[in-house]
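Engineer: Okay, here's the structure, questions in a sec.
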Amino acid sequence: MNILVFDIETIPDVEMGRRLYGKHSEMEKISDEEVARVMFQQRNQETDGKTEVIRHHLQKVIAISAVLRTGEKLKVDSLGTIDSLEMEIIQQFFETIQYYTPTLISWNGGGFDLPVLHYRALKHGITAERYWNNTQGNFRYNNYLNRFHERHTDLMDVLAAYQPSAFARLNEIAIMLGFPGKLGMSGDKV
């Protein structure tokens with residue numbers, strides 16, 4: 001069985017922020033950092049101060065780190081390079097699924113990583129035939145999309161018994177288990 005453990009890192013899609021949250025000519029005059037700040041503030045207002053976390057479709061994928069196990073081989077990698085376009089990184093992720101048909105393993109992948117990848121693949125016109133298959137062959141009863149199928153295991157969901165009130169941050173669980181956790185930087189600082 002092939003297994004792909006993955007995690008994405010994102011930043012605000014400031015191009016989309018410019019189009020959504022201001023007159024285009026006004027937003028063109030301010031820096032990407034200022035646009036991102038507007039996006040965070042807008043989200044804070046939308047949620048009555050509960051969160052500044054930008055909605056999934058407004059996230060831009062800048063990295064996907066992965067561990068791929070195929071048989072006895074183990075490969076640790078980041079998809080793409082520092083110069084890769086978002087489209088290339090996402091395309092490589094879905095090509096890996098197309099080629100290896102792995103079981104996906106994530107932490108909050110069902111709640112964050114995969115929805116972000118869905119929206120960004122849609123934006124870039126990326127096809128992912130095997131990933132979206134939920135009708136043909138054994139994919140009808142075991143596909144990547146159904147929450148209770150085995151092709152994707154979201155470890156946070158499983159450990160929390162699918163109860164949002166029991167969700168935990170991966171960093172905190174790593175520390176609880178005696179691992180160092182994130183060393184000097186969290187994902188929101190990327």
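Lettering and numbering for the structure tokens are positional, with chains as A, B, ... in the shown order, residues counted from 1 in each chain, and ligands counted from 1 in the shown order.
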Which residues are close to A:Arg18, i.e. within 12 Å by only C-alpha atoms, leaving aside same-chain residues fewer than 6 positions away? Reply as a PDB file with N, CA, C and O atoms, in the first residue's frame.
Structural biologist:
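Everything below was put into part.pdb:
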ATOM      1  N   PRO A  12      -1.945  34.606   2.120  1.00  0.00           N
ATOM      2  CA  PRO A  12      -3.127  35.220   1.510  1.00  0.00           C
ATOM      3  C   PRO A  12      -2.927  35.435   0.010  1.00  0.00           C
ATOM      4  O   PRO A  12      -1.840  35.810  -0.434  1.00  0.00           O
ATOM      5  N   HIS A  24     -10.121  48.536  -7.570  1.00  0.00           N
ATOM      6  CA  HIS A  24      -8.895  47.959  -8.125  1.00  0.00           C
ATOM      7  C   HIS A  24      -7.747  48.972  -8.161  1.00  0.00           C
ATOM      8  O   HIS A  24      -6.636  48.662  -7.764  1.00  0.00           O
ATOM      9  N   SER A  25      -8.022  50.186  -8.600  1.00  0.00           N
ATOM     10  CA  SER A  25      -6.943  51.171  -8.715  1.00  0.00           C
ATOM     11  C   SER A  25      -6.382  51.546  -7.347  1.00  0.00           C
ATOM     12  O   SER A  25      -5.180  51.752  -7.203  1.00  0.00           O
ATOM     13  N   GLU A  26      -7.227  51.608  -6.309  1.00  0.00           N
ATOM     14  CA  GLU A  26      -6.753  51.930  -4.962  1.00  0.00           C
ATOM     15  C   GLU A  26      -5.889  50.807  -4.403  1.00  0.00           C
ATOM     16  O   GLU A  26      -4.851  51.061  -3.784  1.00  0.00           O
ATOM     17  N   MET A  27      -6.311  49.577  -4.586  1.00  0.00           N
ATOM     18  CA  MET A  27      -5.589  48.427  -4.036  1.00  0.00           C
ATOM     19  C   MET A  27      -4.263  48.210  -4.753  1.00  0.00           C
ATOM     20  O   MET A  27      -3.342  47.651  -4.174  1.00  0.00           O
ATOM     21  N   GLU A  28      -4.162  48.629  -6.013  1.00  0.00           N
ATOM     22  CA  GLU A  28      -2.909  48.476  -6.753  1.00  0.00           C
ATOM     23  C   GLU A  28      -1.810  49.339  -6.149  1.00  0.00           C
ATOM     24  O   GLU A  28      -0.637  49.038  -6.289  1.00  0.00           O
ATOM     25  N   LYS A  29      -2.198  50.397  -5.461  1.00  0.00           N
ATOM     26  CA  LYS A  29      -1.220  51.345  -4.923  1.00  0.00           C
ATOM     27  C   LYS A  29      -0.610  50.891  -3.605  1.00  0.00           C
ATOM     28  O   LYS A  29       0.391  51.443  -3.176  1.00  0.00           O
ATOM     29  N   ILE A  30      -1.197  49.898  -2.943  1.00  0.00           N
ATOM     30  CA  ILE A  30      -0.679  49.488  -1.640  1.00  0.00           C
ATOM     31  C   ILE A  30       0.094  48.171  -1.763  1.00  0.00           C
ATOM     32  O   ILE A  30      -0.098  47.400  -2.694  1.00  0.00           O
ATOM     33  N   SER A  31       0.964  47.925  -0.797  1.00  0.00           N
ATOM     34  CA  SER A  31       1.834  46.743  -0.834  1.00  0.00           C
ATOM     35  C   SER A  31       1.037  45.464  -0.587  1.00  0.00           C
ATOM     36  O   SER A  31      -0.080  45.495  -0.074  1.00  0.00           O
ATOM     37  N   ASP A  32       1.668  44.339  -0.936  1.00  0.00           N
ATOM     38  CA  ASP A  32       1.055  43.032  -0.672  1.00  0.00           C
ATOM     39  C   ASP A  32       0.769  42.859   0.812  1.00  0.00           C
ATOM     40  O   ASP A  32      -0.268  42.314   1.201  1.00  0.00           O
ATOM     41  N   GLU A  33       1.682  43.319   1.660  1.00  0.00           N
ATOM     42  CA  GLU A  33       1.498  43.200   3.110  1.00  0.00           C
ATOM     43  C   GLU A  33       0.265  43.976   3.569  1.00  0.00           C
ATOM     44  O   GLU A  33      -0.493  43.503   4.415  1.00  0.00           O
ATOM     45  N   GLU A  34       0.056  45.158   3.011  1.00  0.00           N
ATOM     46  CA  GLU A  34      -1.114  45.957   3.372  1.00  0.00           C
ATOM     47  C   GLU A  34      -2.400  45.304   2.870  1.00  0.00           C
ATOM     48  O   GLU A  34      -3.417  45.326   3.551  1.00  0.00           O
ATOM     49  N   VAL A  35      -2.357  44.713   1.672  1.00  0.00           N
ATOM     50  CA  VAL A  35      -3.522  43.994   1.152  1.00  0.00           C
ATOM     51  C   VAL A  35      -3.854  42.826   2.070  1.00  0.00           C
ATOM     52  O   VAL A  35      -5.010  42.605   2.422  1.00  0.00           O
ATOM     53  N   ALA A  36      -2.828  42.074   2.481  1.00  0.00           N
ATOM     54  CA  ALA A  36      -3.048  40.948   3.394  1.00  0.00           C
ATOM     55  C   ALA A  36      -3.664  41.439   4.693  1.00  0.00           C
ATOM     56  O   ALA A  36      -4.589  40.819   5.229  1.00  0.00           O
ATOM     57  N   ARG A  37      -3.179  42.562   5.200  1.00  0.00           N
ATOM     58  CA  ARG A  37      -3.731  43.123   6.435  1.00  0.00           C
ATOM     59  C   ARG A  37      -5.220  43.453   6.261  1.00  0.00           C
ATOM     60  O   ARG A  37      -6.035  43.185   7.134  1.00  0.00           O
ATOM     61  N   VAL A  38      -5.588  44.016   5.105  1.00  0.00           N
ATOM     62  CA  VAL A  38      -6.995  44.292   4.803  1.00  0.00           C
ATOM     63  C   VAL A  38      -7.796  42.985   4.800  1.00  0.00           C
ATOM     64  O   VAL A  38      -8.900  42.919   5.343  1.00  0.00           O
ATOM     65  N   MET A  39      -7.214  41.930   4.225  1.00  0.00           N
ATOM     66  CA  MET A  39      -7.901  40.639   4.162  1.00  0.00           C
ATOM     67  C   MET A  39      -8.127  40.075   5.562  1.00  0.00           C
ATOM     68  O   MET A  39      -9.211  39.564   5.864  1.00  0.00           O
ATOM     69  N   LEU A  58      -9.346  31.955  -0.426  1.00  0.00           N
ATOM     70  CA  LEU A  58      -8.485  33.136  -0.473  1.00  0.00           C
ATOM     71  C   LEU A  58      -7.059  32.828  -0.019  1.00  0.00           C
ATOM     72  O   LEU A  58      -6.249  33.731   0.152  1.00  0.00           O
TER      73      LEU A  58
END
Engineer: Each residue of stretch 87-169 of chain A with at least one atom at most 10 Å from stretch 68-74 of chain A should appear once, together with its nearest atom pair and the corresponding distance in Å (one decimal); atoms considered: only C-alpha atoms; ordering: chain, then increasing residue number; output as CSV.
Structural biologist:
residue,atom,partner,partner_atom,distance
A:Thr96,CA,A:Leu68,CA,9.2
A:Tyr100,CA,A:Thr70,CA,8.0
A:Pro102,CA,A:Leu68,CA,8.3
A:Thr103,CA,A:Arg69,CA,9.7
A:Leu104,CA,A:Leu68,CA,9.5
Engineer: Ranking A:Asp113, A:Glu172, A:Glu95, A:Glu9 by minimum distance to A:Ala128 and counting only C-alpha atoms, which one comes first?
Structural biologist: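 Comparing A:Asp113, A:Glu172, A:Glu95, A:Glu9 against A:Ala128, the winner is A:Glu95.
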Engineer: Which residues in stretch 109-162 of chain A does DSSP call alpha helix (DSSP H)? List them as a list of chain:residue names.
Structural biologist: A:Leu114, A:Pro115, A:Val116, A:Leu117, A:His118, A:Tyr119, A:Arg120, A:Ala121, A:Leu122, A:Lys123, A:His124, A:Glu129, A:Arg130, A:Tyr131, A:Trp132, A:Leu155, A:Met156, A:Asp157, A:Val158, A:Leu159
Engineer: Residues within 10 Å of A:Asp157, please, as a PyMOL selection string. Count only C-alpha atoms; anything in the same chain fewer than 5 positions from it doesn't count.
Structural biologist: chain A and resi 106-111+147+162-164+166-168
Engineer: With N, CA, C and O atoms kept, could you save the residues just selected as a PDB file, in the first residue's frame?
Structural biologist:
ATOM      1  N   SER A 106      -3.151  13.162   6.835  1.00  0.00           N
ATOM      2  CA  SER A 106      -2.975  14.585   7.096  1.00  0.00           C
ATOM      3  C   SER A 106      -3.360  14.911   8.536  1.00  0.00           C
ATOM      4  O   SER A 106      -3.898  14.072   9.258  1.00  0.00           O
ATOM      5  N   TRP A 107      -3.088  16.141   8.906  1.00  0.00           N
ATOM      6  CA  TRP A 107      -3.568  16.696  10.173  1.00  0.00           C
ATOM      7  C   TRP A 107      -4.433  17.885   9.786  1.00  0.00           C
ATOM      8  O   TRP A 107      -3.932  18.888   9.277  1.00  0.00           O
ATOM      9  N   ASN A 108      -5.717  17.773   9.981  1.00  0.00           N
ATOM     10  CA  ASN A 108      -6.709  18.768   9.577  1.00  0.00           C
ATOM     11  C   ASN A 108      -6.763  18.923   8.060  1.00  0.00           C
ATOM     12  O   ASN A 108      -7.158  19.963   7.551  1.00  0.00           O
ATOM     13  N   GLY A 109      -6.381  17.899   7.339  1.00  0.00           N
ATOM     14  CA  GLY A 109      -6.428  17.936   5.883  1.00  0.00           C
ATOM     15  C   GLY A 109      -7.838  18.034   5.351  1.00  0.00           C
ATOM     16  O   GLY A 109      -8.076  18.674   4.335  1.00  0.00           O
ATOM     17  N   GLY A 110      -8.780  17.393   6.027  1.00  0.00           N
ATOM     18  CA  GLY A 110     -10.170  17.475   5.596  1.00  0.00           C
ATOM     19  C   GLY A 110     -10.782  18.838   5.867  1.00  0.00           C
ATOM     20  O   GLY A 110     -11.657  19.292   5.143  1.00  0.00           O
ATOM     21  N   GLY A 111     -10.300  19.505   6.895  1.00  0.00           N
ATOM     22  CA  GLY A 111     -10.851  20.796   7.268  1.00  0.00           C
ATOM     23  C   GLY A 111     -10.151  21.974   6.626  1.00  0.00           C
ATOM     24  O   GLY A 111     -10.724  23.047   6.487  1.00  0.00           O
ATOM     25  N   ARG A 147     -15.837  11.297   3.723  1.00  0.00           N
ATOM     26  CA  ARG A 147     -15.233  11.425   5.054  1.00  0.00           C
ATOM     27  C   ARG A 147     -14.977  10.078   5.730  1.00  0.00           C
ATOM     28  O   ARG A 147     -14.025   9.925   6.476  1.00  0.00           O
ATOM     29  N   TYR A 162     -14.085  12.974  15.653  1.00  0.00           N
ATOM     30  CA  TYR A 162     -14.899  13.812  14.771  1.00  0.00           C
ATOM     31  C   TYR A 162     -15.699  14.874  15.536  1.00  0.00           C
ATOM     32  O   TYR A 162     -16.735  15.329  15.075  1.00  0.00           O
ATOM     33  N   GLN A 163     -15.197  15.282  16.687  1.00  0.00           N
ATOM     34  CA  GLN A 163     -15.852  16.310  17.506  1.00  0.00           C
ATOM     35  C   GLN A 163     -15.038  17.599  17.440  1.00  0.00           C
ATOM     36  O   GLN A 163     -13.929  17.650  17.985  1.00  0.00           O
ATOM     37  N   PRO A 164     -15.551  18.642  16.799  1.00  0.00           N
ATOM     38  CA  PRO A 164     -14.793  19.896  16.674  1.00  0.00           C
ATOM     39  C   PRO A 164     -14.306  20.446  18.018  1.00  0.00           C
ATOM     40  O   PRO A 164     -13.235  21.041  18.083  1.00  0.00           O
ATOM     41  N   ALA A 166     -13.024  18.897  20.298  1.00  0.00           N
ATOM     42  CA  ALA A 166     -11.848  18.133  20.739  1.00  0.00           C
ATOM     43  C   ALA A 166     -10.651  18.304  19.804  1.00  0.00           C
ATOM     44  O   ALA A 166      -9.613  17.690  20.016  1.00  0.00           O
ATOM     45  N   PHE A 167     -10.776  19.141  18.768  1.00  0.00           N
ATOM     46  CA  PHE A 167      -9.666  19.357  17.850  1.00  0.00           C
ATOM     47  C   PHE A 167      -8.476  19.949  18.586  1.00  0.00           C
ATOM     48  O   PHE A 167      -8.636  20.717  19.527  1.00  0.00           O
ATOM     49  N   ALA A 168      -7.275  19.587  18.155  1.00  0.00           N
ATOM     50  CA  ALA A 168      -6.044  20.088  18.759  1.00  0.00           C
ATOM     51  C   ALA A 168      -5.065  20.469  17.661  1.00  0.00           C
ATOM     52  O   ALA A 168      -5.072  19.891  16.574  1.00  0.00           O
TER      53      ALA A 168
END
Engineer: Taking only C-alpha atoms into account, which of A:Met1, A:Leu177, A:Ile105, A:Ile62 comes nearest A:Glu88?
Structural biologist: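 Checking each candidate against A:Glu88, we get A:Ile62 as the closest.
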Engineer: So what do you get for atom CA of A:His149 versus atom CA of A:Asn134, distance-wise?
Structural biologist: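 Interatomic distance, atom CA of A:His149 to atom CA of A:Asn134: 10.6 Å.
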Engineer: Tell me which protein, DNA and RNA residues are within 9 Å of A:Asn171, counting only C-alpha atoms, leaving out same-chain ones fewer than 3 positions away, and put them as a short mmCIF file (atom, residue, chain, number, x, y, z; two decimals) with C-alpha atoms, in the first residue's frame.
Structural biologist:
data_model
loop_
_atom_site.label_atom_id
_atom_site.label_comp_id
_atom_site.auth_asym_id
_atom_site.auth_seq_id
_atom_site.Cartn_x
_atom_site.Cartn_y
_atom_site.Cartn_z
CA ALA A 168 -6.04 20.09 18.76
CA ALA A 174 3.85 16.94 19.06
CA ILE A 175 5.00 18.67 22.26
CA MET A 176 2.69 16.46 24.34
CA PHE A 179 8.75 16.05 20.13
CA PRO A 180 10.05 19.60 19.67
CA GLY A 181 7.03 20.85 17.73
CA LYS A 182 7.52 23.78 15.39
CA SER A 186 4.57 28.53 12.86
#
Engineer: Name all residues at most 10 Å from A:His56 (count only C-alpha atoms; drop same-chain ones fewer than 4 positions away) and give them as a PyMOL selection string.
Structural biologist: chain A and resi 10+12+60+111-120
Engineer: Could those residues be written to a file, using C-alpha atoms, as a short mmCIF file (atom, residue, chain, number, x, y, z; two decimals), in the first residue's frame?
Structural biologist:
data_model
loop_
_atom_site.label_atom_id
_atom_site.label_comp_id
_atom_site.auth_asym_id
_atom_site.auth_seq_id
_atom_site.Cartn_x
_atom_site.Cartn_y
_atom_site.Cartn_z
CA THR A 10 -0.35 29.05 2.46
CA PRO A 12 -3.13 35.22 1.51
CA LYS A 60 -2.52 30.67 -1.94
CA GLY A 111 -10.85 20.80 7.27
CA PHE A 112 -8.14 22.90 5.65
CA ASP A 113 -5.56 21.41 3.28
CA LEU A 114 -7.83 19.55 0.88
CA PRO A 115 -10.50 22.28 0.59
CA VAL A 116 -7.75 24.81 -0.16
CA LEU A 117 -6.29 22.45 -2.78
CA HIS A 118 -9.77 21.96 -4.30
CA TYR A 119 -10.35 25.69 -4.73
CA ARG A 120 -6.85 26.39 -6.01
#
Engineer: Smallest atom-to-atom distance to A:Ile89: which of A:His124, A:His57, A:Arg169, A:His152, using only C-alpha atoms?
Structural biologist: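 Checking each of A:His124, A:His57, A:Arg169, A:His152 against A:Ile89, counting only C-alpha atoms, the winner is A:His124.
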